[in-house]
Amino acid sequence: MTAGCNPACERTFHRDVTGPSPTTLKASRVKAIQSLSATRTLSTTHRSHTMKKLLMGLALLAGTAASAGDLLINGAGATFPAPIYQKWFSEYNKLHPDIKFNYQAIGSGGGIKQFTEATVDFGASDAPMKDDQIAKVPGVVHIPTVMGAVVVAYNVPGVTSLRFSPQTLANIFLGKITKWNDPAVVADNPSAKLSDLAITVARRSDGSGTNAIFTDYLSKVSEEFKTKVGSGTSVNWPIGLGGKGNDGVTGLVKSTPGSIGYVELVYAIQQKLPTADLKNKDGNWVKASIESVSAAAATADIPADYRVSITNAPGKDAYPISGFTWLLVHKDNKDAAKGTAIINFLKWAIADGEKLAAPLDYAPLPASVQQRVLKTIGELTVNGTKVSAK
Amino acid sequence: MADAAPAVLDAHAEGGHRGPGNLGDRVFNGVLWTLGIMVLVVAGLIVLNLALVARPLAKEHSIWGFITSTEWNPIEEHYGALPFLYGTLVTSAVSIVLAVPIAIGLGLFITQFAPPKLGRVLTIPVELLAAIPSVVYGLWGLFVVVPWLRSAIEPWLGKYFGWVPLFTGPPIGLGYLASGLILAVMILPTIVAVSVEVMKTTPEANREAALALGATKWESVMMAVIPYSRAGILGAVLLGLGRALGETMAVTMVIGNAPQISASLFAPGYSLPAVIANEFAEAVSSVHIGALAGLGLILFATTFILNAAARVLVTAVQKGPGRISG
Amino acid sequence: MMNLHSSFLYRKMVDRGMAVVCALLFLVAFIPLLSVLWLVITKGAAGLSWDFFTQLPKPVGEEGGGIGNALIGTLAMVAIACVLGLPLGVGAGVYLAEKGDGTIGNTIRFMAEVLSGVPSIVIGIVAYALVVKPMGHFSALAGGVALAILMIPTLARATEELVRLVPGSLREASLALGVPNWKTSMRVVIRTAMSGIVTACLLAVARAAGETAPLIFTALNNQYWNFDPRAPTASLTVQIYNYAISPYDDWHTKAWTASLVLLLVVGMLNVASRVMTRSRLKGAR
């Protein structure tokens with residue numbers, strides 16, 4: 001009985017509900033009158049059953065305000081850092097059992113939107129908010145939390161090691177290279193056994209910071225990509241299957257032979273997907289790792305509001321598609337309980353939570369940045385007053 | 001009639017007098033009227049809200065431009081509904097082509113060929129198909145239908161029918177074909193149910209007349225049942241189509257989420273409900289939200305028209321000429 | 001036009017052949033049903049455990065966890081939908097049966113039938129505009145409102161048919177004895193139709209429990225226990241969706257098990273309505 005089952009169709013299958021055909025109606029009329037007392041009893045019991053069900057449901061809802069002692073803080077945003085955030089929230093809840101962070105990974109675009117509309121208490125995004133977006137939420141603060149790598153994962157039967165030069169990668173995602181044994185791919189991989197299997201591109205269908213980082217890189221290395229597709233959380237991809245979230249793209253690559261997609265490093269590792277080496281700005285082939293991501297951030301000039309791109313960074317070991325990810329919070333929190341909880345959590349995350357980043361293959365913030373961020377967190381206020389350390 | 005007395009006497013014993021302008025009657029009628037009007041209110045709310053939310057879109061785009069543009073670019077705020085309309089229409093068309101012959105065959109079998117008891121029993125599996133929630137169909141589609149299409153059906157079709165533009169391109173499993181196939185399974189119960197209902201109203205006299213003239217059972221069906229039920233079956237098909245157009249979850253999970261227009265059934269695509277489901281939670285600008293609501297309006301309008309047409313056709317048959325029973 | 005003078009044998013063959021074809025078509029229709037049920041049962045049964053029903057979902061990579069909060073969420077939102085939708089739907093149906101023979105009645109009837117075909121995602125947009133935006137956040141209430149809107153048209157049509165079936169002589173007898181009109185309607189007519197109405201309600205509830213699309217952007221999701229209708233809430237259907245499109249095998253298994261639970265719930269409601277119908281008819285016979 002799902003959407004659109006017209007009452008006509010219900011009528012057939014529940015003929016008994018709507019009744020027999022007119023010929024038998026006359027007979028049933030007589031019978032109905034004859035056994036009226038029986039139906040009355042039946043109907044009263046059924047009615048009281050419905051009442052009971054209703055009351056029970058209401059009691060469940062009303063009576064269980066018992067757990068109102070716990071504080072629930074809602075956040076939404078990027079799937080890029082979702083694994084580390086889930087870990088952080090879970091660990092923090094163990095330390096403070098009465099504080100719960102509910103994080104929904106709906107993509108950076110969603111995180112920015114929900115935060116702007118104040119339907120959540122904090123947001124998360126790997127794409128820094130643009131100026132016009134910030135104008136809608138004055139007082140938003142970007143708190144960088146960790147750095148991650150966007151890797152190129154692929155599923156080519158029989159091939160476990162591949163590498164792509166910037167031009168090849170851009171042309172694949174522009175749809176100009178359509179087969180795995182295209183000369184450009186072969187040139188990058190002289191020793192790989194490539195067949196004429198078709199390349200199926202997997203990319204993001206939702207507003208994504210991962211998308212922003214990846215397209216930012218491609219726009220930097222390919223003028224054609226920059227003009228045709230551009231960069232941002234949502235772009236006009238000319239081709240490709242759309243996956244929802246990093247999970248979605250990972251799932252597509254994992255299940256579709258011949259596919260190629262871009263995901264955050266930890267997703268590829270967890271799903272045991274092979275990832276490609278890339279040529280960085282200095283001309284070296286680099287694998288994504290904590291070290292290479294940290295190297296990308298080493299030379300970056302990080303402004304006061306922390307909004308910076310570190311793709312295609314200089315440095316001999318730098319991984320070219322690295323990025324920061326940020327939590328979006330209010331400079332001045334209006335809700336005392338929630339604001340205090342958020343600020344205390346941020347302090348814990350940057351001071352202690354960073355230690356949990358490496359096991360999940362996220363690069364912790366560089367030490368100098370950590371110090372700066374802690375200071376910024378110290379400047380956050382709740383109704384005008386700063387929060388003392390807990 | 002004696003047994004009717006207890007209920008009625010009870011009601012009487014609790015007092016109250018009949019008469020014009022009785023307060024109890026007025027209150028009761030008033031309450032009923034309000035509740036009845038609620039249906040219209042709900043319908044009005046739906047249209048109004050969609051229109052209101054879609055207004056920012058109307059300021060930026062012309063309606064015609066919205067419907068015919070193929071570009072869906074939230075960054076530059078160009079919104080075109082065409083890829084989604086195309087995807088919705090293609091998947092629905094595939095589902096109708098696959099489901100209608102089967103549904104009519106099933107309907108005939110249940111009403112004409114099977115003994116009545118068997119017919120009643122056979123409605124149970126069809127009913128079960130209708131009761132399975134959409135997301136479970138999507139799950140089944142993802143893990144059963146898509147791999148099957150990818151490894152068996154699409155390569156076979158590509159090999160032997162690759163000259164037809166419908167069957168070109170790499171067999172990735174996800175796409176129009178997968179969606180159409182799952183939709184066909186989902187709309188089958190709807191079409192069967194209404195067809196059975198309609199076929200049952202064929203006056204016995206017509207069928208018996210055909211049989212009396214020496215027709216075989218099949219011939220009597222072709223001569224008496226099908227022509228009589230034609231309009232109703234068309235109505236059933238329209239209802240099924242309406243359901244296919246609006247189906248969200250199962251299609252979202254297997255269509256590939258690509259806002260493109262492709263001739264091949266193997267290609268990934270997008271449908272109206274799927275894009276709303278994927279993008280609504282994150283649409284930031286009011287124009288983007290407006291565009292999605294605009295798609296919702298198109299969807300609402302189409303299903304509204306289809307359901308209305310279907311209803312007219314089905315009731316026309318049921319109230320049709322020559323009803324002997326009743 | 002059929003040529004009735006062709007060879008009789010040929011016609012008989014065609015007749016038998018078509019009967020066989022129609023029977024075979026049944027098998028074709030059967031296969032997806034069997035496939036779905038088989039898969040849900042075999043892949044899902046393994047994951048059934050007390051933990052599955054009572055635990056919260058665990059983050060990726062951690063073993064165990066369950067759908068406890070999703071179950072409660074679905075129950076809660078369906079309950080809200082019942083509170084809002086049952087009175088309105090049944091009430092509208094009663095109106096149509098009692099007073100619905102004029103133009104207004106016909107319009108309402110037409111609208112109800114057509115509305116029952118509106119895609120649930122569109123209803124989700126409406127609920128978002130009506131509840132989520134004014135409230136400022138996602139909530140179980142918004143989800144419940146969406147489900148209620150879905151239930152109303154179906155209930156109205158079904159209730160109308162049921163109340164109309166109550167024999168007119170019953171009403172006439174009551175009126176003849178001097179019982180006021182409204183009391184007749186409530187105590188005699190509706191009471192008689194009540195078990196049928198409850199059946200229709202069970203079916204509407206079964207439908208609401210299986211909906212996903214309208215909940216995605218009204219109730220969102222929640223990985224904790226939640227008993228506050230004003231907060232985002234997990235639901236069985238949205239959880240299945242999230243697990244299904246993830247790349248994690250462990251979550252895929254959980255999706256099958258959750259589907260098994262959902263099918264059981266929906267199945268039980270449908271069976272209950274059938275049983276009630278049969279007992280009602282038995283009583284009436």
# chains A, B, ... in the order shown; residues from 1 in each chain; ligands from 1

$ closest_atom_pairs --of "range 207-266 of chain C" --to "range 275-288 of chain B" --cutoff "8 Å" --atoms "only C-alpha atoms" --output "Markdown table"
| residue | atom | partner | partner_atom | distance |
| --- | --- | --- | --- | --- |
| C:Ala213 | CA | B:Ala277 | CA | 6.8 |
| C:Ile216 | CA | B:Ala277 | CA | 7.3 |
| C:Phe217 | CA | B:Ala281 | CA | 5.7 |

$ residues_around --residues "range 210-226 of chain A" --least-positions-apart "3" --cutoff "8 Å" --atoms "only C-alpha atoms" --output "number ranges by chain"
A: 80, 126-127, 150, 166-167, 169-171, 174, 203-204, 207, 229-234, 246, 262-264, 309, 311-312, 320-323

$ write_last_selection --atoms "C-alpha atoms" --output "PDB file, in the first residue's frame"
ATOM      1  CA  PHE A  80      34.667  14.388   3.933  1.00  0.00           C
ATOM      2  CA  ASP A 126      35.334  21.506   3.222  1.00  0.00           C
ATOM      3  CA  ALA A 127      34.552  24.403   0.988  1.00  0.00           C
ATOM      4  CA  VAL A 150      40.922  13.797  -1.994  1.00  0.00           C
ATOM      5  CA  PRO A 166      47.131  16.568 -14.283  1.00  0.00           C
ATOM      6  CA  GLN A 167      46.115  16.916 -17.935  1.00  0.00           C
ATOM      7  CA  LEU A 169      42.959  13.544 -15.084  1.00  0.00           C
ATOM      8  CA  ALA A 170      41.260  16.710 -16.236  1.00  0.00           C
ATOM      9  CA  ASN A 171      40.475  15.212 -19.624  1.00  0.00           C
ATOM     10  CA  LEU A 174      35.830  16.349 -18.914  1.00  0.00           C
ATOM     11  CA  ARG A 203      31.196  12.175  -9.210  1.00  0.00           C
ATOM     12  CA  ARG A 204      29.130  13.931  -6.557  1.00  0.00           C
ATOM     13  CA  GLY A 207      26.677  20.022  -2.861  1.00  0.00           C
ATOM     14  CA  VAL A 229      33.079  23.115 -15.616  1.00  0.00           C
ATOM     15  CA  GLY A 230      34.505  25.472 -13.058  1.00  0.00           C
ATOM     16  CA  SER A 231      34.930  24.865  -9.378  1.00  0.00           C
ATOM     17  CA  GLY A 232      32.673  24.893  -6.362  1.00  0.00           C
ATOM     18  CA  THR A 233      30.494  22.721  -4.215  1.00  0.00           C
ATOM     19  CA  SER A 234      28.147  22.035  -7.133  1.00  0.00           C
ATOM     20  CA  ASN A 246      31.589  10.408  -0.253  1.00  0.00           C
ATOM     21  CA  TYR A 262      37.217  11.122  -6.304  1.00  0.00           C
ATOM     22  CA  VAL A 263      36.741  10.509  -2.599  1.00  0.00           C
ATOM     23  CA  GLU A 264      38.305  11.377   0.713  1.00  0.00           C
ATOM     24  CA  SER A 309      42.903  26.501  -0.492  1.00  0.00           C
ATOM     25  CA  THR A 311      45.418  22.374  -3.704  1.00  0.00           C
ATOM     26  CA  ASN A 312      48.346  22.055  -6.115  1.00  0.00           C
ATOM     27  CA  PRO A 320      48.245  18.064  -4.863  1.00  0.00           C
ATOM     28  CA  ILE A 321      44.623  17.515  -3.838  1.00  0.00           C
ATOM     29  CA  SER A 322      44.712  18.314  -0.156  1.00  0.00           C
ATOM     30  CA  GLY A 323      42.325  20.442   1.786  1.00  0.00           C
TER      31      GLY A 323
END

$ residues_around --residues "Gly240 in chain B" --least-positions-apart "3" --cutoff "6 Å" --atoms "only C-alpha atoms" --output "PyMOL selection string"
chain B and resi 187+190-191+237+243

$ write_last_selection --atoms "C-alpha atoms" --output "mmCIF file, in the first residue's frame"
data_model
loop_
_atom_site.group_PDB
_atom_site.id
_atom_site.type_symbol
_atom_site.label_atom_id
_atom_site.label_comp_id
_atom_site.auth_asym_id
_atom_site.auth_seq_id
_atom_site.Cartn_x
_atom_site.Cartn_y
_atom_site.Cartn_z
ATOM 1 C CA ILE B 187 3.147 -0.393 -10.812
ATOM 2 C CA THR B 190 -1.965 -0.986 -9.439
ATOM 3 C CA ILE B 191 -2.745 -1.807 -13.055
ATOM 4 C CA VAL B 237 -2.728 2.197 -17.244
ATOM 5 C CA ARG B 243 2.377 6.108 -9.879
#

$ closest_atom_pairs --of "chain C" --to "chain B" --cutoff "6 Å" --atoms "only C-alpha atoms" --output "Markdown table"
| residue | atom | partner | partner_atom | distance |
| --- | --- | --- | --- | --- |
| C:Asp15 | CA | B:Trp218 | CA | 4.9 |
| C:Cys22 | CA | B:Gly105 | CA | 4.9 |
| C:Leu25 | CA | B:Ile102 | CA | 5.8 |
| C:Leu88 | CA | B:Leu35 | CA | 5.7 |
| C:Gly91 | CA | B:Leu35 | CA | 5.3 |
| C:Ala92 | CA | B:Gly36 | CA | 3.9 |
| C:Tyr95 | CA | B:Leu32 | CA | 5.0 |
| C:Val114 | CA | B:Asn307 | CA | 5.4 |
| C:Pro119 | CA | B:Gly246 | CA | 4.6 |
| C:Val122 | CA | B:Gly296 | CA | 5.6 |
| C:Val126 | CA | B:Ile46 | CA | 5.9 |
| C:Ser174 | CA | B:Val8 | CA | 5.1 |
| C:Val179 | CA | B:His12 | CA | 5.0 |
| C:Pro180 | CA | B:Arg18 | CA | 4.5 |
| C:Trp182 | CA | B:Asp25 | CA | 5.1 |
| C:Gly210 | CA | B:Pro133 | CA | 5.0 |
| C:Phe217 | CA | B:Ala281 | CA | 5.7 |

$ select_by_dssp --residues "range 44-231 of chain B" --states "strand (DSSP E)" --output "ChimeraX atom specification"
/B:72-73,78-79

$ closest_residue --among "A:Lys279, A:Lys100, A:His142, A:Lys113" --to "chain B" --atoms "only C-alpha atoms"
A:Lys113

$ select_by_dssp --residues "range 187-256 of chain B" --states "helix (DSSP H, G or I)" --output "compact mmCIF listing (two decimals) with N, CA and C atoms, in the first residue's frame"
# COMPACT_ATOMS: atom_id res chain seq x y z
N ILE B 187 4.47 -0.85 -10.37
CA ILE B 187 3.15 -0.39 -10.81
C ILE B 187 2.25 -1.55 -11.23
N LEU B 188 2.84 -2.74 -11.35
CA LEU B 188 2.05 -3.90 -11.75
C LEU B 188 0.81 -4.09 -10.89
N PRO B 189 0.93 -4.08 -9.55
CA PRO B 189 -0.27 -4.30 -8.73
C PRO B 189 -1.36 -3.27 -9.00
N THR B 190 -0.96 -2.02 -9.20
CA THR B 190 -1.97 -0.99 -9.44
C THR B 190 -2.76 -1.28 -10.70
N ILE B 191 -2.05 -1.57 -11.79
CA ILE B 191 -2.75 -1.81 -13.05
C ILE B 191 -3.59 -3.08 -12.97
N VAL B 192 -3.03 -4.12 -12.35
CA VAL B 192 -3.78 -5.37 -12.24
C VAL B 192 -5.05 -5.15 -11.44
N ALA B 193 -4.92 -4.47 -10.30
CA ALA B 193 -6.08 -4.28 -9.43
C ALA B 193 -7.22 -3.58 -10.15
N VAL B 194 -6.91 -2.48 -10.77
CA VAL B 194 -7.98 -1.73 -11.43
C VAL B 194 -8.51 -2.49 -12.64
N SER B 195 -7.61 -3.17 -13.36
CA SER B 195 -8.07 -3.94 -14.53
C SER B 195 -9.01 -5.05 -14.09
N VAL B 196 -8.65 -5.74 -13.01
CA VAL B 196 -9.51 -6.82 -12.52
C VAL B 196 -10.88 -6.25 -12.17
N GLU B 197 -10.87 -5.14 -11.46
CA GLU B 197 -12.11 -4.48 -11.07
C GLU B 197 -12.96 -4.17 -12.30
N VAL B 198 -12.30 -3.65 -13.31
CA VAL B 198 -13.02 -3.24 -14.51
C VAL B 198 -13.52 -4.44 -15.29
N MET B 199 -12.66 -5.46 -15.40
CA MET B 199 -13.06 -6.64 -16.17
C MET B 199 -14.22 -7.35 -15.51
N LYS B 200 -14.27 -7.29 -14.20
CA LYS B 200 -15.34 -7.99 -13.51
C LYS B 200 -16.70 -7.36 -13.79
N GLU B 204 -22.25 -10.22 -17.76
CA GLU B 204 -22.19 -11.63 -18.09
C GLU B 204 -22.86 -11.91 -19.43
N ALA B 205 -23.92 -11.17 -19.68
CA ALA B 205 -24.70 -11.42 -20.90
C ALA B 205 -23.85 -11.31 -22.15
N ASN B 206 -22.94 -10.29 -22.16
CA ASN B 206 -22.09 -10.12 -23.34
C ASN B 206 -21.23 -11.34 -23.58
N ARG B 207 -20.61 -11.79 -22.47
CA ARG B 207 -19.71 -12.95 -22.62
C ARG B 207 -20.49 -14.18 -23.02
N GLU B 208 -21.61 -14.36 -22.36
CA GLU B 208 -22.40 -15.55 -22.65
C GLU B 208 -22.90 -15.54 -24.08
N ALA B 209 -23.21 -14.33 -24.57
CA ALA B 209 -23.66 -14.25 -25.96
C ALA B 209 -22.57 -14.73 -26.90
N ALA B 210 -21.34 -14.30 -26.62
CA ALA B 210 -20.22 -14.73 -27.48
C ALA B 210 -20.06 -16.24 -27.42
N LEU B 211 -20.12 -16.77 -26.20
CA LEU B 211 -19.96 -18.21 -26.04
C LEU B 211 -21.08 -18.95 -26.76
N ALA B 212 -22.29 -18.37 -26.65
CA ALA B 212 -23.43 -19.03 -27.28
C ALA B 212 -23.25 -19.10 -28.79
N LYS B 217 -13.21 -19.60 -25.24
CA LYS B 217 -13.11 -18.68 -24.11
C LYS B 217 -12.28 -17.47 -24.48
N TRP B 218 -11.15 -17.73 -25.10
CA TRP B 218 -10.27 -16.63 -25.48
C TRP B 218 -11.01 -15.69 -26.43
N GLU B 219 -11.73 -16.25 -27.38
CA GLU B 219 -12.43 -15.40 -28.32
C GLU B 219 -13.52 -14.60 -27.62
N SER B 220 -14.18 -15.21 -26.67
CA SER B 220 -15.23 -14.46 -25.98
C SER B 220 -14.61 -13.31 -25.20
N VAL B 221 -13.40 -13.57 -24.66
CA VAL B 221 -12.70 -12.50 -23.98
C VAL B 221 -12.39 -11.38 -24.95
N MET B 222 -11.85 -11.73 -26.10
CA MET B 222 -11.48 -10.70 -27.07
C MET B 222 -12.69 -9.97 -27.60
N MET B 223 -13.82 -10.67 -27.69
CA MET B 223 -15.00 -10.05 -28.28
C MET B 223 -15.81 -9.26 -27.28
N ALA B 224 -15.87 -9.77 -26.05
CA ALA B 224 -16.79 -9.15 -25.10
C ALA B 224 -16.09 -8.37 -24.00
N VAL B 225 -15.07 -9.02 -23.38
CA VAL B 225 -14.49 -8.38 -22.21
C VAL B 225 -13.60 -7.20 -22.58
N ILE B 226 -12.67 -7.45 -23.50
CA ILE B 226 -11.70 -6.39 -23.82
C ILE B 226 -12.36 -5.13 -24.37
N PRO B 227 -13.25 -5.27 -25.36
CA PRO B 227 -13.85 -4.04 -25.87
C PRO B 227 -14.62 -3.29 -24.79
N TYR B 228 -15.31 -4.03 -23.94
CA TYR B 228 -16.09 -3.37 -22.89
C TYR B 228 -15.20 -2.67 -21.88
N SER B 229 -14.09 -3.34 -21.56
CA SER B 229 -13.23 -2.78 -20.50
C SER B 229 -12.15 -1.87 -21.01
N ARG B 230 -12.13 -1.65 -22.33
CA ARG B 230 -11.00 -0.89 -22.90
C ARG B 230 -10.75 0.42 -22.18
N ALA B 231 -11.81 1.17 -21.99
CA ALA B 231 -11.64 2.48 -21.36
C ALA B 231 -11.12 2.32 -19.95
N GLY B 232 -11.66 1.33 -19.24
CA GLY B 232 -11.23 1.11 -17.87
C GLY B 232 -9.79 0.68 -17.79
N ILE B 233 -9.39 -0.17 -18.72
CA ILE B 233 -8.00 -0.62 -18.72
C ILE B 233 -7.09 0.56 -19.00
N LEU B 234 -7.54 1.41 -19.92
CA LEU B 234 -6.75 2.61 -20.18
C LEU B 234 -6.63 3.43 -18.91
N GLY B 235 -7.73 3.52 -18.18
CA GLY B 235 -7.68 4.23 -16.90
C GLY B 235 -6.69 3.58 -15.95
N ALA B 236 -6.69 2.24 -15.93
CA ALA B 236 -5.74 1.54 -15.06
C ALA B 236 -4.32 1.87 -15.47
N VAL B 237 -4.07 1.89 -16.76
CA VAL B 237 -2.73 2.20 -17.24
C VAL B 237 -2.34 3.61 -16.84
N LEU B 238 -3.28 4.54 -16.96
CA LEU B 238 -2.98 5.92 -16.56
C LEU B 238 -2.65 6.01 -15.08
N LEU B 239 -3.40 5.25 -14.26
CA LEU B 239 -3.10 5.24 -12.83
C LEU B 239 -1.70 4.70 -12.59
N GLY B 240 -1.38 3.61 -13.28
CA GLY B 240 -0.04 3.05 -13.16
C GLY B 240 1.01 4.05 -13.58
N LEU B 241 0.74 4.74 -14.67
CA LEU B 241 1.66 5.76 -15.16
C LEU B 241 1.84 6.85 -14.12
N GLY B 242 0.74 7.27 -13.52
CA GLY B 242 0.80 8.30 -12.49
C GLY B 242 1.69 7.87 -11.35
N ARG B 243 1.55 6.61 -10.96
CA ARG B 243 2.38 6.11 -9.88
C ARG B 243 3.85 6.06 -10.30
N ALA B 244 4.10 5.64 -11.54
CA ALA B 244 5.49 5.54 -12.02
C ALA B 244 6.14 6.92 -12.04
N LEU B 245 5.38 7.94 -12.46
CA LEU B 245 5.95 9.27 -12.54
C LEU B 245 6.39 9.77 -11.18
N GLY B 246 5.62 9.42 -10.15
CA GLY B 246 5.88 10.02 -8.86
C GLY B 246 6.77 9.19 -7.96
N MET B 249 11.91 6.84 -4.19
CA MET B 249 13.08 6.21 -3.59
C MET B 249 13.73 5.17 -4.48
N ALA B 250 12.94 4.25 -5.00
CA ALA B 250 13.52 3.16 -5.79
C ALA B 250 14.27 3.72 -6.99
N VAL B 251 13.69 4.74 -7.63
CA VAL B 251 14.33 5.32 -8.80
C VAL B 251 15.61 6.05 -8.40
N THR B 252 15.54 6.84 -7.32
CA THR B 252 16.73 7.59 -6.89
C THR B 252 17.91 6.67 -6.66
N MET B 253 17.63 5.47 -6.18
CA MET B 253 18.73 4.59 -5.82
C MET B 253 19.37 3.93 -7.02
N VAL B 254 18.69 3.85 -8.16
CA VAL B 254 19.30 3.11 -9.28
C VAL B 254 19.43 3.90 -10.56

$ residues_around --residues "range 48-54 of chain C" --least-positions-apart "6" --cutoff "10 Å" --atoms "only C-alpha atoms" --output "list of chain:residue names"
C:Gly64, C:Gly65, C:Gly66, C:Ile67, C:Gly68, C:Asn69, C:Ala70, C:Leu71, C:Ile72, C:Lys254, C:Trp256, C:Thr257, C:Ala258, C:Leu260, C:Val261

$ write_last_selection --atoms "C-alpha atoms" --output "compact mmCIF listing (two decimals), in the first residue's frame"
# COMPACT_ATOMS: atom_id res chain seq x y z
CA GLY C 64 27.26 -4.05 16.26
CA GLY C 65 24.68 -1.42 16.78
CA GLY C 66 21.08 -1.52 15.78
CA ILE C 67 17.98 0.35 14.77
CA GLY C 68 16.37 0.87 18.13
CA ASN C 69 15.97 4.60 17.67
CA ALA C 70 14.73 4.21 14.11
CA LEU C 71 11.98 1.86 15.25
CA ILE C 72 10.85 4.26 17.94
CA LYS C 254 21.87 -4.01 8.40
CA TRP C 256 18.47 -6.01 4.73
CA THR C 257 17.69 -6.78 8.34
CA ALA C 258 15.94 -3.46 8.81
CA LEU C 260 12.94 -7.50 7.13
CA VAL C 261 11.68 -5.68 10.22

$ residues_around --residues "range 80-86 of chain C" --least-positions-apart "4" --cutoff "8 Å" --atoms "only C-alpha atoms" --output "PyMOL selection string"
(chain A and resi 54) or (chain C and resi 76+90-91+141+144-149+151-152+155+201+205)

$ closest_residue --among "A:Leu71, A:Val293, A:Ala357, A:Ala184" --to "chain C" --atoms "only C-alpha atoms"
A:Leu71

$ atom_distance --atom1 "CA of Ala341 in chain A" --atom2 "CA of Val387 in chain A"
9.6 Å

$ atom_distance --atom1 "CA of Trp72 in chain B" --atom2 "CA of Lys228 in chain A"
13.9 Å
